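Below is the file protein-v6.cif, which contains mmCIF, C-alpha atoms and all ligand atoms.
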```cif
data_final
#
loop_
_atom_site.label_atom_id
_atom_site.label_comp_id
_atom_site.auth_asym_id
_atom_site.auth_seq_id
_atom_site.Cartn_x
_atom_site.Cartn_y
_atom_site.Cartn_z
CA MET K 1 126.01 10.62 40.20
CA LEU K 2 125.37 8.94 36.88
CA ALA K 3 125.91 5.20 36.54
CA ILE K 4 126.56 3.41 33.28
CA ILE K 5 125.88 -0.29 33.02
CA GLY K 6 127.51 -1.65 29.95
CA GLY K 7 130.01 -3.83 28.21
CA THR K 8 133.71 -3.87 28.68
CA GLY K 9 134.60 -1.45 25.90
CA ALA K 10 133.15 1.71 27.35
CA THR K 11 135.77 2.23 30.05
CA GLN K 12 138.58 1.80 27.61
CA LEU K 13 137.79 4.73 25.40
CA GLY K 14 139.15 8.21 25.59
CA TYR K 15 136.56 10.28 27.44
CA PHE K 16 136.38 8.06 30.50
CA VAL K 17 139.13 8.80 33.02
CA ARG K 18 139.40 5.95 35.50
CA HIS K 19 140.06 6.82 39.12
CA HIS K 20 139.59 3.71 41.19
CA ARG K 21 137.70 0.47 41.46
CA ARG K 22 135.81 -0.69 44.50
CA VAL K 23 134.45 -4.12 45.31
CA ALA K 24 130.87 -3.79 46.53
CA ARG K 25 129.35 -5.90 49.26
CA THR K 26 125.63 -6.50 48.97
CA PRO K 27 123.00 -8.63 50.73
CA TYR K 28 122.55 -10.39 47.39
CA GLY K 29 126.13 -11.47 46.89
CA GLU K 30 128.68 -10.29 44.40
CA THR K 31 128.15 -7.70 41.68
CA SER K 32 129.29 -8.46 38.13
CA GLY K 33 132.60 -6.89 39.04
CA ALA K 34 134.12 -4.03 40.98
CA LEU K 35 132.47 -0.65 40.52
CA THR K 36 134.73 1.54 38.41
CA PHE K 37 134.69 5.18 39.48
CA GLY K 38 135.89 7.82 37.10
CA GLU K 39 134.92 10.95 35.27
CA ILE K 40 133.80 12.13 31.89
CA ASP K 41 134.69 15.79 31.27
CA GLY K 42 135.16 16.36 34.98
CA GLN K 43 131.82 14.84 35.98
CA GLN K 44 131.81 11.84 38.31
CA VAL K 45 130.44 8.66 36.81
CA VAL K 46 130.48 5.08 37.95
CA PHE K 47 130.65 2.18 35.55
CA ILE K 48 129.75 -1.45 35.98
CA ALA K 49 130.42 -4.12 33.37
CA ARG K 50 127.27 -6.23 33.35
CA HIS K 51 128.96 -9.34 31.96
CA GLY K 52 132.07 -8.91 34.13
CA PHE K 53 135.35 -7.41 32.99
CA GLY K 54 136.35 -10.53 31.15
CA HIS K 55 132.88 -10.84 29.61
CA THR K 56 132.32 -14.16 31.38
CA ILE K 57 128.84 -13.81 32.94
CA PRO K 58 126.00 -14.84 30.60
CA PRO K 59 122.69 -12.90 30.73
CA HIS K 60 120.79 -15.46 32.84
CA LEU K 61 123.55 -15.62 35.47
CA ILE K 62 124.09 -11.89 35.97
CA ASN K 63 123.45 -10.90 39.59
CA TYR K 64 121.10 -8.05 38.64
CA ARG K 65 120.00 -7.53 42.23
CA ALA K 66 123.54 -7.11 43.51
CA ASN K 67 124.38 -4.69 40.68
CA ILE K 68 121.36 -2.46 41.25
CA TRP K 69 121.60 -2.66 45.05
CA ALA K 70 125.28 -1.63 44.91
CA LEU K 71 124.47 1.39 42.74
CA ALA K 72 121.60 2.45 45.01
CA ASP K 73 123.89 2.04 48.01
CA ILE K 74 126.38 4.60 46.67
CA LYS K 75 123.51 7.03 46.03
CA VAL K 76 123.47 6.85 42.27
CA ARG K 77 120.34 8.58 40.97
CA ARG K 78 120.42 7.83 37.24
CA ILE K 79 121.40 4.68 35.36
CA VAL K 80 122.04 4.56 31.65
CA ALA K 81 122.05 0.93 30.56
CA LEU K 82 123.85 0.12 27.34
CA ALA K 83 122.46 -2.87 25.50
CA SER K 84 123.21 -4.65 22.27
CA VAL K 85 120.09 -5.98 20.58
CA GLY K 86 118.96 -7.74 17.44
CA GLY K 87 116.77 -5.68 15.12
CA ILE K 88 113.27 -6.94 14.35
CA ARG K 89 111.49 -3.85 13.02
CA PRO K 90 112.51 -3.25 9.40
CA ASP K 91 114.00 0.17 10.12
CA LEU K 92 116.25 -1.14 12.91
CA ALA K 93 119.11 -2.39 10.78
CA PRO K 94 122.46 -3.32 12.35
CA GLY K 95 124.30 -0.23 13.55
CA THR K 96 121.17 1.65 14.70
CA LEU K 97 120.87 3.43 18.05
CA ILE K 98 117.56 3.38 19.91
CA VAL K 99 116.15 4.66 23.20
CA PRO K 100 113.39 2.09 23.76
CA ASP K 101 110.25 3.06 25.65
CA GLN K 102 108.68 -0.33 26.39
CA ILE K 103 109.67 -3.84 27.42
CA ILE K 104 108.20 -7.31 27.04
CA ASP K 105 109.70 -9.81 29.44
CA TYR K 106 110.21 -13.38 28.16
CA THR K 107 112.77 -14.31 30.80
CA TRP K 108 112.19 -16.90 33.50
CA GLY K 109 113.87 -18.17 36.64
CA ARG K 110 115.90 -15.02 37.24
CA PRO K 111 115.71 -13.50 40.73
CA HIS K 112 113.56 -10.60 39.62
CA THR K 113 112.53 -8.55 42.65
CA PHE K 114 113.74 -7.11 45.93
CA VAL K 115 110.43 -8.21 47.44
CA THR K 116 111.42 -11.53 48.96
CA GLU K 117 109.87 -11.74 52.38
CA GLY K 118 106.37 -13.05 52.89
CA ASP K 119 105.70 -11.35 56.20
CA LYS K 120 106.18 -7.67 55.40
CA PRO K 121 103.80 -5.20 53.77
CA PHE K 122 104.68 -4.83 50.10
CA VAL K 123 103.63 -2.74 47.12
CA HIS K 124 102.84 -3.66 43.53
CA THR K 125 105.35 -1.48 41.72
CA ASP K 126 103.94 0.50 38.82
CA PHE K 127 105.68 -0.45 35.58
CA THR K 128 103.33 1.03 32.97
CA ARG K 129 106.29 2.95 31.56
CA PRO K 130 109.29 0.79 32.37
CA TYR K 131 111.87 3.45 31.54
CA ASP K 132 112.30 6.80 33.24
CA GLU K 133 110.80 9.27 30.77
CA ARG K 134 112.91 12.22 31.91
CA LEU K 135 116.16 10.29 31.47
CA ARG K 136 114.93 8.98 28.12
CA GLN K 137 114.34 12.55 26.96
CA GLN K 138 117.74 13.60 28.27
CA LEU K 139 119.38 10.81 26.27
CA LEU K 140 117.47 11.78 23.14
CA ALA K 141 118.40 15.45 23.60
CA ALA K 142 122.05 14.49 24.14
CA ALA K 143 122.02 12.42 20.93
CA HIS K 144 120.44 15.32 19.08
CA ASP K 145 123.01 17.80 20.41
CA ALA K 146 125.83 15.39 19.55
CA GLY K 147 124.46 15.11 16.00
CA GLU K 148 123.88 11.35 16.34
CA PRO K 149 120.79 9.88 14.66
CA ILE K 150 118.75 7.82 17.09
CA PHE K 151 115.29 6.25 17.26
CA ASP K 152 112.90 7.50 19.92
CA GLY K 153 110.94 4.57 21.34
CA GLY K 154 110.54 0.92 20.55
CA VAL K 155 109.68 -2.28 22.36
CA TYR K 156 112.62 -4.19 23.81
CA ALA K 157 111.74 -7.90 23.96
CA CYS K 158 113.91 -9.54 26.58
CA THR K 159 114.61 -13.24 26.02
CA GLN K 160 116.27 -15.67 28.38
CA GLY K 161 119.39 -16.60 26.45
CA PRO K 162 122.13 -17.43 26.37
CA ARG K 163 121.07 -19.06 23.12
CA LEU K 164 119.73 -16.92 20.32
CA GLU K 165 116.11 -17.18 19.21
CA THR K 166 114.58 -19.34 16.51
CA ALA K 167 113.10 -17.59 13.49
CA ALA K 168 109.63 -18.67 14.64
CA GLU K 169 110.21 -17.17 18.08
CA ILE K 170 111.16 -13.88 16.47
CA ARG K 171 108.00 -13.99 14.32
CA ARG K 172 106.00 -14.51 17.49
CA ILE K 173 107.81 -11.69 19.28
CA ALA K 174 107.19 -9.40 16.30
CA GLY K 175 103.50 -10.35 16.49
CA ASP K 176 103.53 -9.46 20.18
CA GLY K 177 104.84 -6.00 19.28
CA GLY K 178 108.57 -6.49 19.89
CA ASP K 179 110.82 -4.18 17.85
CA MET K 180 114.20 -5.39 19.07
CA VAL K 181 115.44 -8.37 21.04
CA GLY K 182 118.04 -8.57 23.76
CA MET K 183 118.71 -10.58 26.92
CA THR K 184 119.45 -8.14 29.75
CA ALA K 185 116.67 -5.54 30.11
CA MET K 186 114.92 -7.69 32.68
CA PRO K 187 115.01 -7.84 35.59
CA GLU K 188 117.46 -4.92 35.50
CA ALA K 189 114.80 -2.32 34.69
CA ILE K 190 112.28 -3.40 37.33
CA LEU K 191 114.94 -3.68 40.02
CA ALA K 192 116.04 -0.11 39.27
CA ARG K 193 112.39 0.96 39.56
CA GLU K 194 111.94 -0.89 42.84
CA ALA K 195 115.11 0.79 44.15
CA GLY K 196 113.78 4.21 43.09
CA LEU K 197 116.48 4.89 40.50
CA ALA K 198 115.91 6.59 37.15
CA TYR K 199 116.77 4.02 34.48
CA ALA K 200 116.89 4.26 30.69
CA THR K 201 118.47 2.15 27.98
CA LEU K 202 120.63 3.16 25.07
CA ALA K 203 120.31 0.20 22.71
CA PHE K 204 122.28 -0.52 19.57
CA THR K 205 121.57 -3.19 17.01
CA THR K 206 124.47 -5.54 16.38
CA ASN K 207 122.55 -7.82 14.00
CA TRP K 208 119.20 -8.62 12.44
CA ALA K 209 117.23 -10.94 14.70
CA ALA K 210 116.83 -14.56 13.56
CA GLY K 211 114.91 -14.80 10.29
CA GLU K 212 114.86 -11.02 9.77
CA GLY K 213 116.73 -8.95 7.19
CA GLY K 214 117.60 -12.01 5.13
CA ASN K 215 119.05 -13.78 8.19
CA THR K 216 117.49 -17.11 7.25
CA GLU K 217 120.39 -19.45 8.01
CA ARG K 218 122.17 -18.15 11.08
CA VAL K 219 122.67 -15.08 13.25
CA ALA K 220 126.13 -13.68 13.82
CA LEU K 221 126.53 -11.23 16.71
CA ASN K 222 129.00 -8.77 15.31
CA THR K 223 130.10 -7.44 18.67
CA ALA K 224 133.73 -7.07 17.69
CA SER K 225 133.08 -5.66 14.24
CA GLU K 226 134.03 -2.27 12.90
CA GLN K 227 130.35 -1.38 12.98
CA SER K 228 130.13 -2.16 16.71
CA ASN K 229 133.23 -0.12 17.45
CA GLU K 230 131.67 2.72 15.53
CA ALA K 231 128.42 2.31 17.51
CA LEU K 232 130.43 2.43 20.73
CA GLU K 233 132.12 5.65 19.64
CA ARG K 234 128.71 7.14 18.89
CA ILE K 235 127.36 5.98 22.25
CA LEU K 236 130.29 7.58 24.02
CA ARG K 237 129.70 10.87 22.23
CA ILE K 238 126.09 10.78 23.43
CA LEU K 239 127.11 9.96 27.01
CA ARG K 240 129.63 12.76 26.97
CA GLN K 241 126.95 15.17 25.79
CA LEU K 242 124.56 13.89 28.48
CA VAL K 243 127.18 14.53 31.16
CA ASP K 244 128.08 17.96 29.77
CA THR K 245 124.43 19.03 29.67
CA SER K 246 123.92 17.86 33.27
CA LYS K 247 127.04 19.78 34.31
CA LYS K 248 125.73 22.96 32.69
CA ALA K 249 122.31 22.49 34.31
CA ALA K 250 123.94 22.03 37.71
CA VAL K 251 126.00 25.22 37.27
CA GLU K 252 122.93 27.17 36.20
CA GLN K 253 120.99 25.93 39.22
CA ALA K 254 123.75 26.82 41.67
N1 LIG K 301 118.89 -11.83 20.22
C1 LIG K 301 119.01 -11.68 21.56
N2 LIG K 301 119.91 -10.86 22.11
C2 LIG K 301 120.71 -10.18 21.29
C3 LIG K 301 120.64 -10.28 19.90
C4 LIG K 301 119.68 -11.15 19.34
O1 LIG K 301 119.56 -11.30 18.11
N3 LIG K 301 121.59 -9.44 19.39
C5 LIG K 301 122.20 -8.85 20.46
N4 LIG K 301 121.67 -9.28 21.60
#
```
In structure tokens, what does this structure look like?
Ligand code: HPA
Amino acid sequence: MLAIIGGTGATQLGYFVRHHRRVARTPYGETSGALTFGEIDGQQVVFIARHGFGHTIPPHLINYRANIWALADIKVRRIVALASVGGIRPDLAPGTLIVPDQIIDYTWGRPHTFVTEGDKPFVHTDFTRPYDERLRQQLLAAAHDAGEPIFDGGVYACTQGPRLETAAEIRRIAGDGGDMVGMTAMPEAILAREAGLAYATLAFTTNWAAGEGGNTERVALNTASEQSNEALERILRILRQLVDTSKKAAVEQA
């Protein structure tokens, strides 16, 4: 089953038919909210709102471990993470969709691993390519088939939040190689890897990052703007295509 981690809006739009919600119990405490089970074009999907259904949980307080554990527990195999980001690279203007291929982690103090006991053998998880390449390619193919322009690759710089960055911080991040900035990629991506789940992000720029694109005075996150609604519609078309392609592949295999 495919899981979608995202904002509140995605379950409210046409293609997603809601069936039921289920509260998950995990060894790490509560998930961001109940898991919402439903379907897109007859294919089962499960949705979890990262910031809670009322959008009340800030990035540094999200229980990433509970969310990922709960999805692994119900045997999800693929996770598409939706993420709003600020654009740093000059071609990533507000309203752009991207499937990033790398991450730089600037977060701190977040419970960031399932490896918590000091008396058991452990492994150093490989994270050379933080996103699942197969799922990334599936997302890109779905976007292509849906006729939606999208950027292939880019470095997602994950900051701590909840405050936005200073212009100098963004200059530093750009110097480090960051192309876009958001607050939720980590530890979500590494936890998915540790749990053995395929994870890829579908990012959309809601704004220019601080100091970029003429943003010299202040950054406004246009999450409720017409442009964001349009981005959400485009994202849903891509997800629908992804699900339809998987359905066809499953039929052909059977
Ligand atoms: N910075 C950090 N996170 C964000 C931004 C930003 O500019 N825009 C959307 N998420």
Nearest to K:Thr205, chosen from K:Val123, K:Ala250, K:Met183, K:Ile88, with only C-alpha atoms counted in the distances: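 The answer is K:Ile88, which sits nearest to K:Thr205.
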Just the number, please: distance in Å from atom CA of K:Glu226 to atom N1 of ligand LIG 301 (chain K), one decimal.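 So the answer is 19.3 Å.
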Closest to ligand LIG 301 (chain K) among K:Gly86, K:Pro149, K:Gly109, K:Gly118, using all atoms listed in the file?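 With all atoms listed in the file as the atom set, the closest residue is K:Gly86.
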At a cut-off of 9 Å and counting all atoms listed in the file, what residues surround ligand LIG 301 (chain K)? Please answer as a PyMOL selection string. chain K and resi 83-88+157-165+170+180-184+204-210+219-223
Between K:Asp105, K:Glu188, K:Glu148, K:Glu252, which has the minimum distance to K:Leu239 (counting only C-alpha atoms)?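 The answer is K:Glu148, which sits nearest to K:Leu239.
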Could you work out how far atom CA of K:Ala3 lies from atom CA of K:Leu97, giving the answer in Å with one decimal?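 These two atoms are separated by 19.2 Å.
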Need the shell around K:Leu139: protein/DNA/RNA residues with any atom at most 8 Å away, counting all atoms listed in the file. Skip same-chain ones fewer than 2 positions apart. Format as a PyMOL selection string? chain K and resi 99+135-137+141-143+202+238-239+242
Please measure the separation of atom CA of K:Lys75 and atom CA of K:Ala195, giving the value in Å to one decimal.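 Between atom CA of K:Lys75 and atom CA of K:Ala195 the gap is 10.6 Å.
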Is it possible to get the residues within 12 Å of (123.6, 2.6, 48.0) (coordinates as in the file, counting only C-alpha atoms) written as number ranges by chain? K: 1, 3, 24-27, 66-77, 192, 195-197
Just the selected residues (C-alpha atoms), exported as a short mmCIF file (atom, residue, chain, number, x, y, z; two decimals), in the frame of the given file, please.
```
data_model
loop_
_atom_site.label_atom_id
_atom_site.label_comp_id
_atom_site.auth_asym_id
_atom_site.auth_seq_id
_atom_site.Cartn_x
_atom_site.Cartn_y
_atom_site.Cartn_z
CA MET K 1 126.01 10.62 40.20
CA ALA K 3 125.91 5.20 36.54
CA ALA K 24 130.87 -3.79 46.53
CA ARG K 25 129.35 -5.90 49.26
CA THR K 26 125.63 -6.50 48.97
CA PRO K 27 123.00 -8.63 50.73
CA ALA K 66 123.54 -7.11 43.51
CA ASN K 67 124.38 -4.69 40.68
CA ILE K 68 121.36 -2.46 41.25
CA TRP K 69 121.60 -2.66 45.05
CA ALA K 70 125.28 -1.63 44.91
CA LEU K 71 124.47 1.39 42.74
CA ALA K 72 121.60 2.45 45.01
CA ASP K 73 123.89 2.04 48.01
CA ILE K 74 126.38 4.60 46.67
CA LYS K 75 123.51 7.03 46.03
CA VAL K 76 123.47 6.85 42.27
CA ARG K 77 120.34 8.58 40.97
CA ALA K 192 116.04 -0.11 39.27
CA ALA K 195 115.11 0.79 44.15
CA GLY K 196 113.78 4.21 43.09
CA LEU K 197 116.48 4.89 40.50
#
```
Contact residues around K:Phe127 with all atoms listed in the file at 10 Å, ignoring same-chain residues under 5 positions, as a PDB file with C-alpha atoms, in the coordinates of the input:
```pdb
ATOM      1  CA  GLN K 102     108.680  -0.330  26.390  1.00  0.00           C
ATOM      2  CA  ILE K 103     109.670  -3.840  27.420  1.00  0.00           C
ATOM      3  CA  ALA K 189     114.800  -2.320  34.690  1.00  0.00           C
ATOM      4  CA  ILE K 190     112.280  -3.400  37.330  1.00  0.00           C
ATOM      5  CA  ARG K 193     112.390   0.960  39.560  1.00  0.00           C
ATOM      6  CA  GLU K 194     111.940  -0.890  42.840  1.00  0.00           C
TER       7      GLU K 194
END
```
With distances taken over all atoms listed in the file, which residue among K:Glu212, K:Glu39, K:Asp132, K:Asp145 lies nearest K:Ile79? K:Asp132
Which of K:Val80, K:Ile173, K:Ala185, K:Ala146 sits closest to K:Thr107 [using all atoms listed in the file]: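 Among K:Val80, K:Ile173, K:Ala185, K:Ala146, it is K:Ala185 that comes nearest to K:Thr107.
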Which residue of K:Ala81, K:Ala168, K:Ile104, K:Leu61 approaches K:Glu30 most closely, using all atoms listed in the file: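 Nearest to K:Glu30: K:Leu61.
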Taking (137.4, 4.9, 33.4) in the file's coordinates as the center, which residues reach within 7 Å of it, counting all atoms listed in the file, put as a list in words? Thr11, Gln12, Phe16, Val17, Arg18, His19, Thr36, Phe37, Gly38 and Glu39 of chain K
Using C-alpha atoms, can you write the selected residues to a file as a PDB file, in the frame of the given file?
```
ATOM      1  CA  THR K  11     135.770   2.230  30.050  1.00  0.00           C
ATOM      2  CA  GLN K  12     138.580   1.800  27.610  1.00  0.00           C
ATOM      3  CA  PHE K  16     136.380   8.060  30.500  1.00  0.00           C
ATOM      4  CA  VAL K  17     139.130   8.800  33.020  1.00  0.00           C
ATOM      5  CA  ARG K  18     139.400   5.950  35.500  1.00  0.00           C
ATOM      6  CA  HIS K  19     140.060   6.820  39.120  1.00  0.00           C
ATOM      7  CA  THR K  36     134.730   1.540  38.410  1.00  0.00           C
ATOM      8  CA  PHE K  37     134.690   5.180  39.480  1.00  0.00           C
ATOM      9  CA  GLY K  38     135.890   7.820  37.100  1.00  0.00           C
ATOM     10  CA  GLU K  39     134.920  10.950  35.270  1.00  0.00           C
TER      11      GLU K  39
END
```
Show me a table, sorted first by chain and then by increasing residue number, of the residues of stretch 181-250 of chain K having an atom at most 8 Å from stretch 43-51 of chain K, each with its shortest atom pair and the distance in Å to one decimal, counting all atoms listed in the file and written as a tab-separated table.
```
residue	atom	partner	partner_atom	distance
K:Val243	CA	K:Gln43	CA	6.7
K:Asp244	CA	K:Gln43	CA	7.9
K:Lys247	CA	K:Gln43	CA	7.1
```
